[in-house]
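What follows is final-v3.txt (compact mmCIF, C-alpha atoms).
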# COMPACT_ATOMS: atom_id res chain seq x y z
CA MET A 222 -43.67 29.41 4.78
CA ALA A 223 -44.36 27.40 7.97
CA ALA A 224 -46.49 24.96 6.00
CA ASN A 225 -43.67 24.42 3.51
CA ASN A 226 -41.26 23.74 6.35
CA ASN A 227 -43.63 21.15 7.79
CA ASP A 228 -44.02 19.53 4.39
CA ASN A 229 -40.25 19.35 3.98
CA TYR A 230 -39.88 17.81 7.43
CA SER A 231 -42.56 15.22 6.64
CA ASP A 232 -40.86 14.31 3.37
CA GLU A 233 -37.47 13.98 5.06
CA ARG A 234 -38.92 11.82 7.84
CA ALA A 235 -40.71 9.60 5.32
CA ASN A 236 -37.48 9.17 3.37
CA LEU A 237 -35.63 8.37 6.58
CA ILE A 238 -37.95 5.73 7.96
CA ASN A 239 -38.57 4.08 4.58
CA ARG A 240 -34.95 3.95 3.42
CA GLN A 241 -33.26 0.61 2.87
CA ILE A 242 -29.58 0.42 3.73
CA PRO A 243 -27.11 -1.53 1.55
CA GLN A 244 -26.20 -4.95 2.90
CA MET A 245 -22.79 -6.55 2.56
CA GLN A 246 -22.49 -10.10 1.29
CA LEU A 247 -20.40 -12.59 3.20
CA SER A 248 -18.58 -15.50 1.61
CA THR A 249 -19.70 -19.13 1.66
CA ALA A 250 -17.90 -22.44 1.96
CA SER A 251 -18.44 -23.06 -1.76
CA ASN A 252 -16.75 -19.83 -2.84
CA PRO A 253 -13.44 -20.74 -4.53
CA PHE A 254 -12.06 -17.29 -3.74
CA THR A 255 -12.06 -18.11 -0.02
CA ALA A 256 -11.48 -21.87 -0.17
CA PRO A 257 -8.48 -23.31 1.71
CA ARG A 258 -5.24 -23.80 -0.20
CA LEU A 259 -3.87 -27.07 1.14
CA PRO A 260 -0.61 -28.71 0.02
CA GLY A 261 -2.01 -32.24 -0.34
CA ASN A 262 -1.43 -35.36 1.72
CA HIS A 263 1.39 -36.84 -0.34
CA VAL A 264 3.67 -33.80 -0.53
CA ARG A 265 7.12 -34.26 1.02
CA PRO A 266 7.62 -32.54 4.42
CA ASP A 267 10.22 -30.13 3.02
CA LYS A 268 7.87 -29.14 0.20
CA ARG A 269 4.99 -28.71 2.65
CA ALA A 270 7.16 -26.35 4.68
CA GLU A 271 8.09 -24.45 1.54
CA TYR A 272 4.46 -24.30 0.42
CA ARG A 273 3.30 -22.95 3.78
CA PHE A 274 5.12 -19.63 3.41
CA ALA A 275 5.26 -19.43 -0.38
CA VAL A 276 4.33 -16.01 -1.78
CA ARG A 277 2.81 -16.07 -5.25
CA GLY A 278 1.83 -13.43 -7.77
CA ASN A 279 2.53 -9.70 -7.91
CA ALA A 280 2.67 -7.11 -5.14
CA ILE A 281 2.38 -3.36 -4.78
CA ILE A 282 4.21 -1.74 -1.88
CA THR A 283 3.43 1.90 -1.14
CA GLY A 284 5.98 4.15 0.51
CA GLY A 285 8.37 2.00 -1.49
CA ALA A 286 11.47 4.14 -0.92
CA GLY A 287 11.29 3.71 2.86
CA THR A 288 13.37 1.35 4.95
CA LEU A 289 10.49 -0.85 6.10
CA ALA A 290 9.02 -1.06 2.60
CA LEU A 291 12.32 -2.06 0.98
CA GLU A 292 12.90 -4.68 3.68
CA ALA A 293 9.39 -6.01 3.04
CA ALA A 294 10.01 -6.07 -0.71
CA ARG A 295 13.15 -8.14 -0.30
CA ALA A 296 11.37 -10.61 2.00
CA LEU A 297 8.45 -11.14 -0.39
CA LEU A 298 10.85 -11.66 -3.30
CA GLU A 299 12.83 -14.17 -1.22
CA HIS A 300 9.63 -16.15 -0.69
CA GLY A 301 8.75 -16.38 -4.37
CA LEU A 302 7.04 -13.14 -5.43
CA SER A 303 6.89 -12.95 -9.24
CA GLY A 304 6.46 -9.21 -9.73
CA LEU A 305 6.81 -6.10 -7.61
CA CYS A 306 5.88 -2.47 -8.11
CA LEU A 307 7.11 0.07 -5.57
CA TRP A 308 4.91 3.15 -5.25
CA ASP A 309 6.38 6.30 -3.74
CA ILE A 310 5.98 10.03 -4.21
CA ASN A 311 9.77 10.48 -3.97
CA LEU A 312 11.05 7.43 -5.83
CA VAL A 313 12.91 8.90 -8.80
CA LYS A 314 16.15 7.82 -10.48
CA GLU A 315 18.08 10.68 -8.86
CA ASP A 316 17.01 9.60 -5.37
CA SER A 317 19.42 7.61 -3.18
CA ALA A 318 16.76 4.95 -2.55
CA PHE A 319 16.66 4.16 -6.26
CA GLY A 320 19.96 2.31 -5.93
CA LYS A 321 18.26 -0.09 -3.52
CA VAL A 322 15.54 -0.69 -6.09
CA LEU A 323 18.19 -1.56 -8.65
CA SER A 324 19.75 -3.98 -6.17
CA LEU A 325 16.40 -5.77 -5.90
CA GLU A 326 16.40 -6.18 -9.67
CA SER A 327 19.92 -7.62 -9.71
CA ASP A 328 19.39 -9.88 -6.68
CA PHE A 329 16.12 -11.32 -8.02
CA PRO A 330 16.56 -11.58 -11.80
CA LYS A 331 13.64 -14.02 -12.15
CA SER A 332 11.20 -11.45 -10.75
CA LYS A 333 10.06 -8.26 -12.41
CA VAL A 334 10.73 -5.19 -10.27
CA THR A 335 9.40 -1.78 -11.26
CA PHE A 336 8.24 1.47 -9.67
CA GLN A 337 5.66 4.22 -10.01
CA THR A 338 5.76 7.80 -8.74
CA VAL A 339 2.47 8.06 -6.83
CA ASP A 340 0.80 10.53 -4.49
CA VAL A 341 -1.40 8.22 -2.42
CA ARG A 342 -3.55 11.20 -1.34
CA ASP A 343 -4.71 11.78 -4.91
CA PRO A 344 -7.35 9.40 -6.35
CA ALA A 345 -6.31 10.22 -9.93
CA SER A 346 -2.65 9.47 -9.18
CA VAL A 347 -3.57 6.17 -7.54
CA HIS A 348 -5.85 5.20 -10.44
CA THR A 349 -3.16 5.98 -13.01
CA ALA A 350 -0.54 4.06 -11.07
CA MET A 351 -2.80 1.02 -10.74
CA GLU A 352 -3.46 0.95 -14.46
CA ALA A 353 0.26 1.27 -15.23
CA THR A 354 1.17 -1.42 -12.68
CA VAL A 355 -1.35 -3.90 -14.10
CA LYS A 356 -0.08 -3.17 -17.61
CA GLU A 357 3.51 -3.87 -16.52
CA LEU A 358 2.91 -6.90 -14.30
CA GLY A 359 -0.24 -8.36 -15.82
CA GLY A 360 -2.22 -8.29 -12.58
CA VAL A 361 -1.93 -7.77 -8.82
CA ASP A 362 -2.33 -10.06 -5.83
CA ILE A 363 -0.86 -8.27 -2.80
CA LEU A 364 -0.99 -4.69 -1.52
CA CYS A 365 1.23 -3.56 1.35
CA CYS A 366 0.63 0.01 2.49
CA PHE A 367 3.76 1.48 4.05
CA ALA A 368 3.28 5.09 2.93
CA GLY A 369 3.03 7.25 6.02
CA VAL A 370 4.13 10.42 7.76
CA VAL A 371 4.79 11.26 11.40
CA GLY A 372 4.02 14.53 13.16
CA CYS A 373 5.05 15.30 16.75
CA VAL A 374 3.08 18.45 17.54
CA PRO A 375 1.27 19.36 20.78
CA ALA A 376 -2.45 19.01 20.07
CA VAL A 377 -3.33 22.47 21.37
CA ALA A 378 -0.86 24.03 18.91
CA MET A 379 -1.60 21.78 15.95
CA SER A 380 -2.74 23.52 12.78
CA TYR A 381 -5.56 22.24 10.63
CA ASP A 382 -3.10 21.70 7.77
CA GLU A 383 -0.87 19.50 9.95
CA TRP A 384 -3.82 17.40 11.14
CA LYS A 385 -5.05 17.01 7.59
CA ARG A 386 -1.59 16.18 6.19
CA VAL A 387 -1.10 13.27 8.58
CA HIS A 388 -4.58 11.81 8.05
CA ASP A 389 -4.53 12.36 4.28
CA VAL A 390 -1.40 10.23 3.88
CA ASN A 391 -1.82 7.63 6.62
CA GLN A 392 -5.56 7.07 6.57
CA THR A 393 -7.05 8.34 3.31
CA GLY A 394 -4.04 7.28 1.27
CA SER A 395 -4.29 3.72 2.56
CA PHE A 396 -8.00 3.61 1.76
CA LEU A 397 -7.59 4.97 -1.77
CA CYS A 398 -4.89 2.40 -2.57
CA ALA A 399 -6.97 -0.41 -1.05
CA GLN A 400 -10.05 0.65 -3.00
CA ALA A 401 -8.16 0.73 -6.31
CA PHE A 402 -6.62 -2.66 -5.50
CA ALA A 403 -10.02 -4.19 -4.65
CA LYS A 404 -11.54 -2.94 -7.90
CA GLN A 405 -8.69 -4.55 -9.82
CA ILE A 406 -9.04 -7.86 -7.94
CA ILE A 407 -12.77 -7.95 -8.74
CA LYS A 408 -11.95 -7.42 -12.43
CA GLN A 409 -9.42 -10.23 -12.32
CA ASN A 410 -11.90 -12.56 -10.62
CA ASP A 411 -14.52 -11.79 -13.28
CA ILE A 412 -12.02 -12.57 -16.05
CA LEU A 413 -11.11 -15.87 -14.39
CA GLN A 414 -14.74 -16.91 -14.24
CA MET A 415 -15.34 -16.05 -17.88
CA MET A 416 -12.13 -17.47 -19.33
CA ASP A 417 -11.74 -21.01 -18.13
CA THR A 418 -13.86 -23.13 -15.79
CA ASP A 419 -10.94 -25.37 -14.83
CA LEU A 420 -8.68 -22.40 -14.17
CA TYR A 421 -11.42 -20.83 -12.06
CA GLN A 422 -11.63 -23.97 -9.94
CA THR A 423 -7.88 -24.42 -9.46
CA TYR A 424 -6.77 -20.79 -9.06
CA ASN A 425 -8.57 -19.16 -6.15
CA GLY A 426 -8.11 -15.55 -7.20
CA GLY A 427 -8.56 -12.87 -4.58
CA GLY A 428 -5.74 -11.01 -2.85
CA SER A 429 -4.21 -9.80 0.37
CA ILE A 430 -4.07 -6.24 1.74
CA ILE A 431 -1.83 -5.27 4.65
CA PHE A 432 -2.09 -1.85 6.25
CA THR A 433 0.77 -0.60 8.42
CA ALA A 434 -0.79 0.49 11.69
CA SER A 435 1.42 1.00 14.75
CA LEU A 436 1.80 0.48 18.46
CA SER A 437 0.52 4.09 18.39
CA ALA A 438 -2.87 2.63 17.44
CA HIS A 439 -2.96 0.78 20.75
CA THR A 440 -1.37 3.12 23.27
CA THR A 441 -0.39 6.75 23.74
CA ASN A 442 3.27 7.25 22.93
CA PHE A 443 5.58 8.82 25.49
CA PRO A 444 7.21 11.31 25.68
CA GLN A 445 6.32 12.78 22.26
CA PRO A 446 2.88 14.34 21.59
CA GLN A 447 1.45 12.96 18.33
CA ALA A 448 -2.34 12.83 18.54
CA ALA A 449 -2.82 13.11 14.77
CA TYR A 450 -0.49 10.19 14.03
CA ASN A 451 -1.96 8.02 16.77
CA SER A 452 -5.55 8.56 15.63
CA SER A 453 -4.66 8.00 11.97
CA LYS A 454 -3.09 4.65 12.81
CA ALA A 455 -5.92 3.56 15.11
CA SER A 456 -8.37 4.23 12.30
CA LEU A 457 -6.52 1.79 10.04
CA ILE A 458 -7.28 -1.10 12.37
CA SER A 459 -10.98 -0.28 12.25
CA LEU A 460 -10.84 0.26 8.49
CA ALA A 461 -9.16 -3.12 7.95
CA LYS A 462 -11.91 -4.90 9.90
CA SER A 463 -14.63 -3.13 7.92
CA LEU A 464 -13.02 -3.92 4.56
CA ALA A 465 -12.37 -7.51 5.61
CA ALA A 466 -16.09 -7.91 6.23
CA GLU A 467 -17.06 -6.31 2.92
CA TRP A 468 -14.41 -7.72 0.60
CA THR A 469 -13.79 -11.28 1.76
CA VAL A 470 -16.52 -12.47 -0.62
CA HIS A 471 -14.10 -11.47 -3.39
CA GLY A 472 -11.27 -13.40 -1.75
CA ILE A 473 -9.63 -10.24 -0.46
CA ARG A 474 -8.20 -10.55 3.03
CA VAL A 475 -7.42 -7.31 4.89
CA ASN A 476 -5.14 -7.21 7.92
CA THR A 477 -2.88 -4.78 9.75
CA LEU A 478 0.64 -4.93 11.15
CA SER A 479 1.44 -2.75 14.15
CA PRO A 480 5.19 -2.20 14.42
CA GLY A 481 6.79 -0.82 17.54
CA TYR A 482 9.74 1.54 17.43
CA MET A 483 12.03 0.38 14.64
CA ASN A 484 15.67 1.16 13.89
CA THR A 485 15.10 3.34 10.86
CA ILE A 486 16.27 6.82 9.91
CA LEU A 487 13.05 8.24 11.40
CA ASN A 488 14.24 7.19 14.86
CA ASP A 489 17.94 7.88 14.39
CA GLY A 490 20.26 10.75 15.25
CA PRO A 491 21.60 12.47 18.37
CA GLY A 492 18.49 14.63 18.68
CA LEU A 493 16.41 11.56 19.50
CA GLU A 494 18.89 9.97 21.91
CA ASN A 495 16.84 10.85 24.99
CA ALA A 496 13.59 9.69 23.39
CA ARG A 497 15.16 6.37 22.35
CA SER A 498 16.34 5.84 25.90
CA ILE A 499 12.80 6.38 27.20
CA TRP A 500 11.27 4.11 24.54
CA ASN A 501 13.71 1.30 25.34
CA SER A 502 13.21 1.67 29.10
CA ARG A 503 9.45 1.16 28.63
CA ASN A 504 9.84 -1.96 26.48
CA PRO A 505 10.09 -5.42 28.10
CA MET A 506 12.80 -6.36 25.59
CA GLY A 507 14.74 -3.19 26.32
CA ARG A 508 15.43 -2.35 22.69
CA MET A 509 13.99 -1.20 19.40
CA GLY A 510 13.06 -3.57 16.62
CA GLU A 511 15.05 -4.29 13.48
CA PRO A 512 13.15 -3.89 10.17
CA TRP A 513 13.90 -7.53 9.32
CA GLU A 514 11.86 -8.59 12.37
CA LEU A 515 8.71 -7.21 10.77
CA THR A 516 9.05 -9.37 7.67
CA GLY A 517 8.07 -12.72 9.21
CA PRO A 518 4.52 -11.65 10.11
CA LEU A 519 4.26 -9.82 6.78
CA VAL A 520 5.22 -12.91 4.78
CA MET A 521 2.74 -14.97 6.79
CA LEU A 522 -0.10 -12.59 5.92
CA CYS A 523 0.83 -12.69 2.22
CA SER A 524 1.33 -16.45 1.99
CA ASN A 525 -0.67 -19.65 2.30
CA ALA A 526 0.12 -19.64 6.02
CA GLY A 527 -2.12 -16.62 6.49
CA ARG A 528 -4.99 -17.89 4.37
CA TYR A 529 -7.45 -17.91 7.30
CA VAL A 530 -6.15 -14.73 8.96
CA ASN A 531 -8.54 -11.92 8.14
CA GLY A 532 -9.41 -8.63 9.85
CA ALA A 533 -6.58 -9.17 12.32
CA ASP A 534 -3.94 -6.86 13.75
CA ILE A 535 -0.51 -8.24 14.61
CA LEU A 536 1.60 -6.31 17.10
CA VAL A 537 5.35 -6.52 16.43
CA ASP A 538 6.57 -4.29 19.24
CA GLY A 539 8.68 -6.37 21.62
CA GLY A 540 5.85 -6.26 24.15
CA ALA A 541 5.70 -2.46 24.45
CA CYS A 542 1.90 -2.56 24.67
CA VAL A 543 1.67 -5.05 27.54
CA PHE A 544 1.70 -2.24 30.10

Would it be possible to restate this file's structure as structure tokens?
Amino acid sequence: MAANNNDNYSDERANLINRQIPQMQLSTASNPFTAPRLPGNHVRPDKRAEYRFAVRGNAIITGGAGTLALEAARALLEHGLSGLCLWDINLVKEDSAFGKVLSLESDFPKSKVTFQTVDVRDPASVHTAMEATVKELGGVDILCCFAGVVGCVPAVAMSYDEWKRVHDVNQTGSFLCAQAFAKQIIKQNDILQMMDTDLYQTYNGGGSIIFTASLSAHTTNFPQPQAAYNSSKASLISLAKSLAAEWTVHGIRVNTLSPGYMNTILNDGPGLENARSIWNSRNPMGRMGEPWELTGPLVMLCSNAGRYVNGADILVDGGACVF
């Protein structure tokens, strides 16, 4: 028996020291998927300004029934988005948020707006939703991950199920959606290359992924205990950098936005009055952010203006993290 154990150890050691790890491929200056998208020297100044923040193609927004997601959807449509699919586990016709989806349809009649009921924690649900979205819109170009949950529980009393719930939605859910999106972008790039050489040269392909991190990824919130939420959001910043390194060769940029405390229903109500007072007192601007204030950086990351921004995190917190 001892001899067998030694043989097994030798085999495992040989496999370990002789293994070859996979190596990622970086992009090159000749790759059209990562080439600059410049407006041209003879374009009028007003058209150059318009071009800078133009948003093209189709977007998926997860957590689509939430305040931040709906504000983001409106901003992207205002800047020229052609198609939009809102993904949410709760977005059904009987839900109050569905009326806001209908208002997007009526306010932007030239754009196609649709929705999918999706559990971002479930790979099968994400896969099915991606297939349905591509069938409806014809392709995808932008993914904005707003699906998330908060949990304010003292760490010593936190159950395994609570820890897992927060990470499954915030961290794993974002990865699963990003992975499905990347696979679809690679398919679209392959089709472009096979279909038309001229089209391949003029249309750069690729896409943009934005994860919603948080000021909680940068600092420990006070006074509420939320270790699970904080760690789930910090992991998204690291994940975005890793995916940016791996996927840029396909023209996929991956970035994160880190909002501070925002005036949404999650931070509303008399029960949170004391907490809001503390949050505001610790912010150089002395107030919480409005959801609209998050849309400028988001549009930049989705537009030509953000073409060379990759693997970055943008804090939109009024300066809360300067201390």

Hey, what's within 10 Å of Phe544 in chain A if we count only C-alpha atoms and toss same-chain stuff fewer than 2 positions away? As a list in words, please?
Thr440, Arg503, Asn504, Pro505, Gly540, Ala541 and Cys542 of chain A

Using all atoms listed in the file, find the one residue out of A:His439, A:Arg240, A:Lys268, A:Arg474 that sits nearest to Tyr529 in chain A.
A:Arg474

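For the residues A:Asn525, A:Ser479, A:Asn442, A:Asn531, ranking by smallest atom-to-atom distance to His300 in chain A using all atoms listed in the file places A:Asn525 first.
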
What's the separation between CA of Tyr272 in chain A and CA of Leu298 in chain A, in Å to one decimal place?
14.6 Å

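When only C-alpha atoms are used to compute distances to Gly394 in chain A, the closest of the residues A:Gly261, A:Pro266, A:Gly284, A:Pro491 turns out to be A:Gly284.
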
Coordinates of box centre and edge lengths for range 242-247 of chain A, 5 Å on every side, axis-aligned, as JSON:
{"center_x": -25.0, "center_y": -6.1, "center_z": 2.5, "size_x": 19.2, "size_y": 23.0, "size_z": 12.4}

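Each of A:Gly481, A:Gly472, A:Gly301, A:Gly490 was checked against Phe274 in chain A using only C-alpha atoms; the smallest atom-to-atom distance is that of A:Gly301.
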
Two-atom distance - CA of Ile458 in chain A, CA of Ile282 in chain A (Å):
18.3 Å

Hey, which bits of range 339-407 of chain A sit within 12 Å of range 506-520 of chain A, and for each residue what's the closest pair of atoms and how far apart in Å (one decimal), counting all atoms listed in the file, rows by chain and increasing number, as CSV?
residue,atom,partner,partner_atom,distance
A:Ile363,CA,A:Val520,CA,10.8
A:Leu364,CA,A:Leu519,CA,11.1
A:Cys365,CA,A:Leu519,CA,8.8
A:Cys366,CA,A:Leu519,CA,11.3
A:Phe367,CA,A:Leu519,CA,11.6

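The shortest atom-to-atom distance to Leu522 in chain A, with all atoms listed in the file taken into account, belongs to A:Phe432 out of A:Phe432, A:Phe443, A:Tyr482, A:Tyr381.
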
Using only C-alpha atoms, pick whichever of A:Asn279, A:Gln405, A:Asn476, A:Ser435 has the shortest atom-to-atom distance to Leu297 in chain A.
A:Asn279

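Taking CA of Met483 in chain A and CA of Ala294 in chain A as endpoints, the distance between them is 16.8 Å.
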
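Around Leu247 in chain A, within 9 Å and counting all atoms listed in the file, the residues found are Ala466, Glu467, Trp468, Thr469 and Val470 of chain A, once anything fewer than 4 positions away on its own chain is removed.
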
Long-range neighbours of range 332-338 of chain A as a PyMOL selection string, 12 Å cut-off, all atoms listed in the file, 5 positions minimum in chain
chain A and resi 277-286+291+294-295+297-314+316+318-319+321-327+343+346-359

Contacts of Lys404 in chain A within 12 Å, all atoms listed in the file, excl. fewer than 5 positions in-chain, as a VMD selection string:
chain A and resid 348 351 to 352 355 360 to 362 397 to 399 409 to 411 427 to 428 468 471 473

How would the residues just picked look written out with C-alpha atoms as a PDB file, in the frame of the given file?
ATOM      1  CA  HIS A 348      -5.850   5.200 -10.440  1.00  0.00           C
ATOM      2  CA  MET A 351      -2.800   1.020 -10.740  1.00  0.00           C
ATOM      3  CA  GLU A 352      -3.460   0.950 -14.460  1.00  0.00           C
ATOM      4  CA  VAL A 355      -1.350  -3.900 -14.100  1.00  0.00           C
ATOM      5  CA  GLY A 360      -2.220  -8.290 -12.580  1.00  0.00           C
ATOM      6  CA  VAL A 361      -1.930  -7.770  -8.820  1.00  0.00           C
ATOM      7  CA  ASP A 362      -2.330 -10.060  -5.830  1.00  0.00           C
ATOM      8  CA  LEU A 397      -7.590   4.970  -1.770  1.00  0.00           C
ATOM      9  CA  CYS A 398      -4.890   2.400  -2.570  1.00  0.00           C
ATOM     10  CA  ALA A 399      -6.970  -0.410  -1.050  1.00  0.00           C
ATOM     11  CA  GLN A 409      -9.420 -10.230 -12.320  1.00  0.00           C
ATOM     12  CA  ASN A 410     -11.900 -12.560 -10.620  1.00  0.00           C
ATOM     13  CA  ASP A 411     -14.520 -11.790 -13.280  1.00  0.00           C
ATOM     14  CA  GLY A 427      -8.560 -12.870  -4.580  1.00  0.00           C
ATOM     15  CA  GLY A 428      -5.740 -11.010  -2.850  1.00  0.00           C
ATOM     16  CA  TRP A 468     -14.410  -7.720   0.600  1.00  0.00           C
ATOM     17  CA  HIS A 471     -14.100 -11.470  -3.390  1.00  0.00           C
ATOM     18  CA  ILE A 473      -9.630 -10.240  -0.460  1.00  0.00           C
TER      19      ILE A 473
END
